[in-house]
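Note: the block below is coords_29.cif and it holds mmCIF, C-alpha atoms.
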data_input
#
loop_
_atom_site.group_PDB
_atom_site.id
_atom_site.type_symbol
_atom_site.label_atom_id
_atom_site.label_comp_id
_atom_site.auth_asym_id
_atom_site.auth_seq_id
_atom_site.Cartn_x
_atom_site.Cartn_y
_atom_site.Cartn_z
ATOM 1 C CA MET A 1 71.155 139.980 60.791
ATOM 2 C CA LEU A 2 69.723 138.075 63.735
ATOM 3 C CA ILE A 3 66.027 137.293 63.807
ATOM 4 C CA PRO A 4 64.501 138.157 67.207
ATOM 5 C CA LEU A 5 63.023 135.286 69.192
ATOM 6 C CA ARG A 6 59.283 135.218 69.559
ATOM 7 C CA TRP A 7 58.961 133.917 73.075
ATOM 8 C CA SER A 8 55.219 133.432 72.766
ATOM 9 C CA SER A 9 55.646 131.037 69.832
ATOM 10 C CA GLN A 10 58.058 128.785 71.742
ATOM 11 C CA THR A 11 56.761 125.577 73.333
ATOM 12 C CA ASP A 12 57.029 125.149 77.081
ATOM 13 C CA GLU A 13 59.738 122.571 76.565
ATOM 14 C CA GLN A 14 61.756 124.905 74.292
ATOM 15 C CA LEU A 15 61.485 127.675 76.851
ATOM 16 C CA MET A 16 62.508 125.373 79.702
ATOM 17 C CA LYS A 17 65.506 124.202 77.677
ATOM 18 C CA ARG A 18 66.525 127.841 77.182
ATOM 19 C CA ALA A 19 65.915 128.563 80.882
ATOM 20 C CA ALA A 20 68.075 125.562 81.789
ATOM 21 C CA HIS A 21 70.858 127.176 79.777
ATOM 22 C CA GLY A 22 70.526 130.460 81.661
ATOM 23 C CA SER A 23 67.833 132.448 79.850
ATOM 24 C CA ASP A 24 65.923 134.418 82.446
ATOM 25 C CA ARG A 25 63.632 135.757 79.706
ATOM 26 C CA ALA A 26 62.558 132.207 78.809
ATOM 27 C CA PHE A 27 61.883 131.456 82.480
ATOM 28 C CA GLU A 28 59.879 134.671 82.768
ATOM 29 C CA GLU A 29 57.724 133.572 79.819
ATOM 30 C CA LEU A 30 57.021 130.246 81.549
ATOM 31 C CA TYR A 31 56.110 132.128 84.710
ATOM 32 C CA ASN A 32 53.725 134.345 82.751
ATOM 33 C CA ARG A 33 52.104 131.286 81.169
ATOM 34 C CA TYR A 34 51.619 129.262 84.339
ATOM 35 C CA ALA A 35 51.522 131.503 87.422
ATOM 36 C CA ARG A 36 47.765 132.123 87.442
ATOM 37 C CA ARG A 37 46.968 128.551 86.540
ATOM 38 C CA LEU A 38 49.239 127.185 89.235
ATOM 39 C CA GLN A 39 47.835 129.575 91.813
ATOM 40 C CA GLY A 40 44.334 128.395 90.870
ATOM 41 C CA PHE A 41 45.435 124.790 91.294
ATOM 42 C CA PHE A 42 46.670 125.539 94.823
ATOM 43 C CA ALA A 43 43.591 127.581 95.715
ATOM 44 C CA ARG A 44 41.305 124.717 94.697
ATOM 45 C CA ARG A 45 43.363 122.205 96.644
ATOM 46 C CA LEU A 46 43.583 124.469 99.720
ATOM 47 C CA ASN A 47 39.906 125.366 100.116
ATOM 48 C CA GLY A 48 40.219 128.800 98.540
ATOM 49 C CA ASP A 49 43.090 130.145 100.658
ATOM 50 C CA ALA A 50 44.371 132.678 98.096
ATOM 51 C CA GLU A 51 47.277 133.935 100.213
ATOM 52 C CA LEU A 52 48.620 130.443 100.819
ATOM 53 C CA ALA A 53 48.014 129.564 97.163
ATOM 54 C CA ALA A 54 50.107 132.577 96.096
ATOM 55 C CA ASP A 55 52.898 131.586 98.487
ATOM 56 C CA LEU A 56 52.970 128.013 97.195
ATOM 57 C CA MET A 57 52.861 129.192 93.577
ATOM 58 C CA HIS A 58 55.936 131.345 94.225
ATOM 59 C CA ASP A 59 57.650 128.477 96.074
ATOM 60 C CA THR A 60 56.979 126.219 93.080
ATOM 61 C CA PHE A 61 58.646 128.658 90.693
ATOM 62 C CA LEU A 62 61.577 129.147 93.078
ATOM 63 C CA ARG A 63 62.108 125.398 93.191
ATOM 64 C CA LEU A 64 61.724 125.179 89.423
ATOM 65 C CA TYR A 65 64.280 127.957 88.977
ATOM 66 C CA ASP A 66 66.712 126.283 91.362
ATOM 67 C CA ALA A 67 66.289 122.971 89.523
ATOM 68 C CA ARG A 68 66.297 124.406 85.973
ATOM 69 C CA SER A 69 69.708 122.984 85.146
ATOM 70 C CA ARG A 70 68.365 119.467 85.818
ATOM 71 C CA TYR A 71 65.659 119.750 83.149
ATOM 72 C CA ARG A 72 65.923 116.845 80.711
ATOM 73 C CA GLU A 73 65.181 117.613 77.089
ATOM 74 C CA GLY A 74 62.052 115.838 75.910
ATOM 75 C CA GLU A 75 60.482 115.780 79.375
ATOM 76 C CA SER A 76 57.017 117.348 79.634
ATOM 77 C CA PHE A 77 57.386 120.738 81.265
ATOM 78 C CA ARG A 78 53.792 120.772 82.580
ATOM 79 C CA ALA A 79 54.201 117.357 84.180
ATOM 80 C CA TRP A 80 57.448 118.465 85.825
ATOM 81 C CA LEU A 81 55.920 121.739 87.051
ATOM 82 C CA PHE A 82 52.839 120.032 88.480
ATOM 83 C CA THR A 83 54.982 117.343 90.102
ATOM 84 C CA ILE A 84 56.707 120.087 92.068
ATOM 85 C CA ALA A 85 53.346 121.729 92.835
ATOM 86 C CA TYR A 86 51.753 118.436 93.864
ATOM 87 C CA ASN A 87 54.585 117.677 96.274
ATOM 88 C CA LEU A 88 54.398 121.150 97.841
ATOM 89 C CA CYS A 89 50.635 120.823 98.213
ATOM 90 C CA LYS A 90 50.942 117.359 99.715
ATOM 91 C CA ASN A 91 53.498 118.650 102.218
ATOM 92 C CA GLN A 92 51.310 121.639 103.093
ATOM 93 C CA GLN A 93 48.239 119.488 103.638
ATOM 94 C CA ARG A 94 50.190 117.059 105.760
ATOM 95 C CA ASN A 95 51.693 119.791 107.950
ATOM 96 C CA ALA A 96 48.721 122.102 108.503
ATOM 97 C CA ASP A 97 45.018 121.967 109.231
ATOM 98 C CA LEU A 98 43.631 124.228 106.508
ATOM 99 C CA LEU A 99 40.364 125.974 107.214
ATOM 100 C CA ALA A 100 39.368 128.719 104.806
ATOM 101 C CA ALA A 101 36.123 130.405 103.975
ATOM 102 C CA SER A 102 35.143 129.861 100.358
ATOM 103 C CA SER A 103 33.768 132.711 98.356
ATOM 104 C CA THR A 104 30.204 132.691 97.136
ATOM 105 C CA PRO A 105 29.351 133.479 93.539
ATOM 106 C CA SER A 106 28.373 137.041 92.765
ATOM 107 C CA LEU A 107 24.731 137.761 92.071
ATOM 108 C CA THR A 108 25.269 141.260 90.736
ATOM 109 C CA ASP A 109 24.880 140.540 87.008
ATOM 110 C CA ASP A 110 21.700 142.420 86.090
ATOM 111 C CA SER A 111 21.566 140.863 82.628
ATOM 112 C CA CYS A 112 20.513 137.490 84.050
ATOM 113 C CA ASP A 113 17.241 136.495 85.530
ATOM 114 C CA ILE A 114 17.438 136.299 89.349
ATOM 115 C CA GLU A 115 15.985 132.786 89.331
ATOM 116 C CA LEU A 116 18.690 131.584 86.967
ATOM 117 C CA GLN A 117 21.319 133.289 89.121
ATOM 118 C CA LEU A 118 20.019 131.574 92.224
ATOM 119 C CA ASP A 119 19.904 128.173 90.491
ATOM 120 C CA THR A 120 23.444 128.689 89.243
ATOM 121 C CA ALA A 121 24.635 129.774 92.683
ATOM 122 C CA ILE A 122 22.986 126.778 94.326
ATOM 123 C CA LEU A 123 24.496 124.382 91.796
ATOM 124 C CA HIS A 124 27.905 126.061 92.132
ATOM 125 C CA ASP A 125 27.758 125.745 95.920
ATOM 126 C CA ALA A 126 26.631 122.119 95.669
ATOM 127 C CA LEU A 127 29.446 121.256 93.250
ATOM 128 C CA ARG A 128 32.011 123.028 95.455
ATOM 129 C CA GLU A 129 30.746 121.062 98.466
ATOM 130 C CA VAL A 130 30.850 117.766 96.552
ATOM 131 C CA LEU A 131 34.400 118.442 95.342
ATOM 132 C CA ALA A 132 35.496 119.496 98.841
ATOM 133 C CA ALA A 133 34.008 116.304 100.281
ATOM 134 C CA LEU A 134 35.678 114.013 97.760
ATOM 135 C CA PRO A 135 38.277 111.814 99.421
ATOM 136 C CA ASP A 136 41.714 113.317 98.786
ATOM 137 C CA PRO A 137 42.974 110.746 96.260
ATOM 138 C CA TYR A 138 39.917 111.364 94.074
ATOM 139 C CA ALA A 139 39.915 115.143 94.517
ATOM 140 C CA LEU A 140 43.574 115.442 93.567
ATOM 141 C CA LEU A 141 43.207 113.340 90.433
ATOM 142 C CA PHE A 142 40.021 115.194 89.457
ATOM 143 C CA SER A 143 41.816 118.518 89.804
ATOM 144 C CA LEU A 144 44.874 117.437 87.815
ATOM 145 C CA HIS A 145 42.820 115.906 85.000
ATOM 146 C CA TYR A 146 39.729 118.088 84.636
ATOM 147 C CA GLU A 147 40.998 121.430 85.870
ATOM 148 C CA GLU A 148 44.681 121.321 84.906
ATOM 149 C CA GLU A 149 44.056 119.177 81.811
ATOM 150 C CA LEU A 150 46.943 116.807 82.411
ATOM 151 C CA THR A 151 46.857 113.432 80.702
ATOM 152 C CA ILE A 152 46.479 110.164 82.569
ATOM 153 C CA PRO A 153 50.134 109.175 81.954
ATOM 154 C CA GLN A 154 51.286 112.581 83.222
ATOM 155 C CA ILE A 155 49.134 112.239 86.341
ATOM 156 C CA ALA A 156 50.404 108.693 86.871
ATOM 157 C CA ARG A 157 53.969 109.980 86.733
ATOM 158 C CA ILE A 158 53.257 112.868 89.125
ATOM 159 C CA THR A 159 51.435 110.727 91.687
ATOM 160 C CA GLN A 160 53.535 107.604 91.122
ATOM 161 C CA LEU A 161 50.408 105.518 90.504
ATOM 162 C CA PRO A 162 49.800 103.054 87.673
ATOM 163 C CA ASP A 163 47.768 104.407 84.736
ATOM 164 C CA GLY A 164 44.970 101.954 85.519
ATOM 165 C CA THR A 165 44.675 103.200 89.089
ATOM 166 C CA VAL A 166 44.462 106.803 87.882
ATOM 167 C CA LYS A 167 41.722 105.850 85.390
ATOM 168 C CA SER A 168 39.695 103.892 87.928
ATOM 169 C CA ARG A 169 39.949 106.644 90.557
ATOM 170 C CA LEU A 170 38.883 109.276 88.023
ATOM 171 C CA HIS A 171 35.920 107.097 87.095
ATOM 172 C CA LYS A 172 35.047 106.652 90.777
ATOM 173 C CA ALA A 173 35.338 110.415 91.353
ATOM 174 C CA MET A 174 32.926 111.120 88.503
ATOM 175 C CA THR A 175 30.519 108.496 89.828
ATOM 176 C CA ILE A 176 30.558 110.113 93.273
ATOM 177 C CA ILE A 177 30.064 113.598 91.797
ATOM 178 C CA LYS A 178 27.160 112.490 89.585
ATOM 179 C CA GLN A 179 25.509 110.673 92.476
ATOM 180 C CA GLN A 180 25.862 113.653 94.830
ATOM 181 C CA LEU A 181 24.512 116.111 92.241
ATOM 182 C CA LYS A 182 21.542 113.935 91.258
ATOM 183 C CA PRO A 183 19.082 116.052 93.318
ATOM 184 C CA TYR A 184 19.988 119.061 91.102
ATOM 185 C CA GLU A 185 19.461 117.175 87.837
ATOM 186 C CA ASN A 186 16.181 118.847 86.832
ATOM 187 C CA HIS A 187 17.064 122.405 87.840
#
Spell out the structure here as structure tokens.
Amino acid sequence: MLIPLRWSSQTDEQLMKRAAHGSDRAFEELYNRYARRLQGFFARRLNGDAELAADLMHDTFLRLYDARSRYREGESFRAWLFTIAYNLCKNQQRNADLLAASSTPSLTDDSCDIELQLDTAILHDALREVLAALPDPYALLFSLHYEEELTIPQIARITQLPDGTVKSRLHKAMTIIKQQLKPYENH
């Protein structure tokens, strides 16, 4: 009697190995795990353009699917996926002038005090502006590390930068963010 596979208990690397050997179900599980996250990554990098983010997320998975047979066992799946995403994003930013309206936080939650909602909205807007104004090398590394939770060696591999450069740029990004948000410190 065969024991059924529990796709949800498989690691990303195990699923990618199965996908590389032709399992569409394993690839579908990876898609389910990463589609929203990847779309969020693109949306943050592309100033909130949800439609473009969705297109690039789908392009990333198409490229991943086309390249699945080249997956090397032991390679970090997340690093490989975000390498593809990073390159698509870099190409998009190089080829187009992206202007998108960013959404404002909702103030409809009646359970919170209006003053707290306004403070939160102001801080959220200020943080979004600071992150949008970060020079691209810092913004990209910030996004990969703090939002996508990739390690410094993974980011170094994706961006083809030395580990030390990634660390120093992340430190510089945090310094810039802290400095820019200093006026909101006591709110």
Please evaluate the PyMOL selection byres ((chain A and resi 19-21) around 12) against the displayed coordinates and give the resulting residues as a JSON list (two decimals) with C-alpha atoms, keeping the file's coordinate frame.
[["chain", "number", "residue", "atom", "x", "y", "z"],
["A", 7, "TRP", "CA", 58.96, 133.92, 73.08],
["A", 12, "ASP", "CA", 57.03, 125.15, 77.08],
["A", 13, "GLU", "CA", 59.74, 122.57, 76.56],
["A", 14, "GLN", "CA", 61.76, 124.90, 74.29],
["A", 15, "LEU", "CA", 61.48, 127.68, 76.85],
["A", 16, "MET", "CA", 62.51, 125.37, 79.70],
["A", 17, "LYS", "CA", 65.51, 124.20, 77.68],
["A", 18, "ARG", "CA", 66.53, 127.84, 77.18],
["A", 22, "GLY", "CA", 70.53, 130.46, 81.66],
["A", 23, "SER", "CA", 67.83, 132.45, 79.85],
["A", 24, "ASP", "CA", 65.92, 134.42, 82.45],
["A", 25, "ARG", "CA", 63.63, 135.76, 79.71],
["A", 26, "ALA", "CA", 62.56, 132.21, 78.81],
["A", 27, "PHE", "CA", 61.88, 131.46, 82.48],
["A", 28, "GLU", "CA", 59.88, 134.67, 82.77],
["A", 29, "GLU", "CA", 57.72, 133.57, 79.82],
["A", 30, "LEU", "CA", 57.02, 130.25, 81.55],
["A", 31, "TYR", "CA", 56.11, 132.13, 84.71],
["A", 64, "LEU", "CA", 61.72, 125.18, 89.42],
["A", 65, "TYR", "CA", 64.28, 127.96, 88.98],
["A", 66, "ASP", "CA", 66.71, 126.28, 91.36],
["A", 67, "ALA", "CA", 66.29, 122.97, 89.52],
["A", 68, "ARG", "CA", 66.30, 124.41, 85.97],
["A", 69, "SER", "CA", 69.71, 122.98, 85.15],
["A", 70, "ARG", "CA", 68.36, 119.47, 85.82],
["A", 71, "TYR", "CA", 65.66, 119.75, 83.15],
["A", 72, "ARG", "CA", 65.92, 116.84, 80.71],
["A", 73, "GLU", "CA", 65.18, 117.61, 77.09],
["A", 77, "PHE", "CA", 57.39, 120.74, 81.26]]
Checklist entry - Quick one: of A:Lys182, A:Leu170, A:Arg157, A:Tyr86, who's nearest to Leu46 in chain A, counting only C-alpha atoms? => result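 Using only C-alpha atoms, the shortest distance to Leu46 in chain A belongs to A:Tyr86.
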For this file, the PyMOL selection byres ((chain A and resi 180) around 12) selects which residues, as a PDB file with C-alpha atoms, in the coordinates of the input?
ATOM      1  CA  LEU A 123      24.496 124.382  91.796  1.00  0.00           C
ATOM      2  CA  ALA A 126      26.631 122.119  95.669  1.00  0.00           C
ATOM      3  CA  LEU A 127      29.446 121.256  93.250  1.00  0.00           C
ATOM      4  CA  ARG A 128      32.011 123.028  95.455  1.00  0.00           C
ATOM      5  CA  GLU A 129      30.746 121.062  98.466  1.00  0.00           C
ATOM      6  CA  VAL A 130      30.850 117.766  96.552  1.00  0.00           C
ATOM      7  CA  LEU A 131      34.400 118.442  95.342  1.00  0.00           C
ATOM      8  CA  ALA A 132      35.496 119.496  98.841  1.00  0.00           C
ATOM      9  CA  ALA A 133      34.008 116.304 100.281  1.00  0.00           C
ATOM     10  CA  LEU A 134      35.678 114.013  97.760  1.00  0.00           C
ATOM     11  CA  ALA A 173      35.338 110.415  91.353  1.00  0.00           C
ATOM     12  CA  MET A 174      32.926 111.120  88.503  1.00  0.00           C
ATOM     13  CA  THR A 175      30.519 108.496  89.828  1.00  0.00           C
ATOM     14  CA  ILE A 176      30.558 110.113  93.273  1.00  0.00           C
ATOM     15  CA  ILE A 177      30.064 113.598  91.797  1.00  0.00           C
ATOM     16  CA  LYS A 178      27.160 112.490  89.585  1.00  0.00           C
ATOM     17  CA  GLN A 179      25.509 110.673  92.476  1.00  0.00           C
ATOM     18  CA  LEU A 181      24.512 116.111  92.241  1.00  0.00           C
ATOM     19  CA  LYS A 182      21.542 113.935  91.258  1.00  0.00           C
ATOM     20  CA  PRO A 183      19.082 116.052  93.318  1.00  0.00           C
ATOM     21  CA  TYR A 184      19.988 119.061  91.102  1.00  0.00           C
ATOM     22  CA  GLU A 185      19.461 117.175  87.837  1.00  0.00           C
TER      23      GLU A 185
END
Checklist entry - By how many Å are CA of Gly40 in chain A and CA of Ile122 in chain A apart? => result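 CA of Ile122 in chain A lies at a distance of 21.7 Å from CA of Gly40 in chain A.
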Item to check | Residue nearest Lys90 in chain A among A:Leu62, A:Ala53, A:Leu140, A:Leu150 (counting all atoms listed in the file) | outcome: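 So, comparing all the options, the nearest one is A:Leu140.
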Item to check | Pick from A:Leu144, A:Val166, A:Ile158, A:Leu56 nearest to Thr83 in chain A, counting only C-alpha atoms | outcome: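 Of the candidates, the smallest distance to Thr83 in chain A is held by A:Ile158.
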Next on the checklist: For a quick check of your reading of the model, name the residues lying within 12 Å of the coordinate (56.5, 107.0, 85.3), counting only C-alpha atoms, and write them as number ranges by chain.
Outcome noted: A: 75-76, 79-80, 83, 152-163
Next on the checklist: Between A:Arg6, A:Arg63, A:Arg78, A:His124, which residue has the minimum interatomic distance to Leu38 in chain A, considering only C-alpha atoms?
Outcome noted: A:Arg78
Checklist entry - Between CA of Asn32 in chain A and CA of Thr11 in chain A, what is the distance, to one decimal in Å? => result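 That distance, rounded to one decimal, is 13.2 Å.
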Next on the checklist: Under the rule that only C-alpha atoms are counted, which of A:Leu52, A:Gly74, A:Phe82, A:Arg169 is the nearest residue to Ala139 in chain A?
Outcome noted: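 Of A:Leu52, A:Gly74, A:Phe82, A:Arg169, the one nearest Ala139 in chain A is A:Arg169, counting only C-alpha atoms.
Restricting the calculation to only C-alpha atoms, the smallest distance between Gln39 in chain A and any of A:Cys89, A:Ile84, A:Leu141, A:Met57 is found for A:Met57.
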Determine the axis-aligned bounding box of all atoms of range 152-163 of chain A present in the file, pad each side by 6 Å, and express its centre and edge lengths in Å to one decimal place as JSON.
{"center_x": 50.2, "center_y": 108.0, "center_z": 86.8, "size_x": 19.5, "size_y": 21.8, "size_z": 21.7}
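Coordinates place CA of Glu147 in chain A at a distance of 18.0 Å from CA of Leu88 in chain A.
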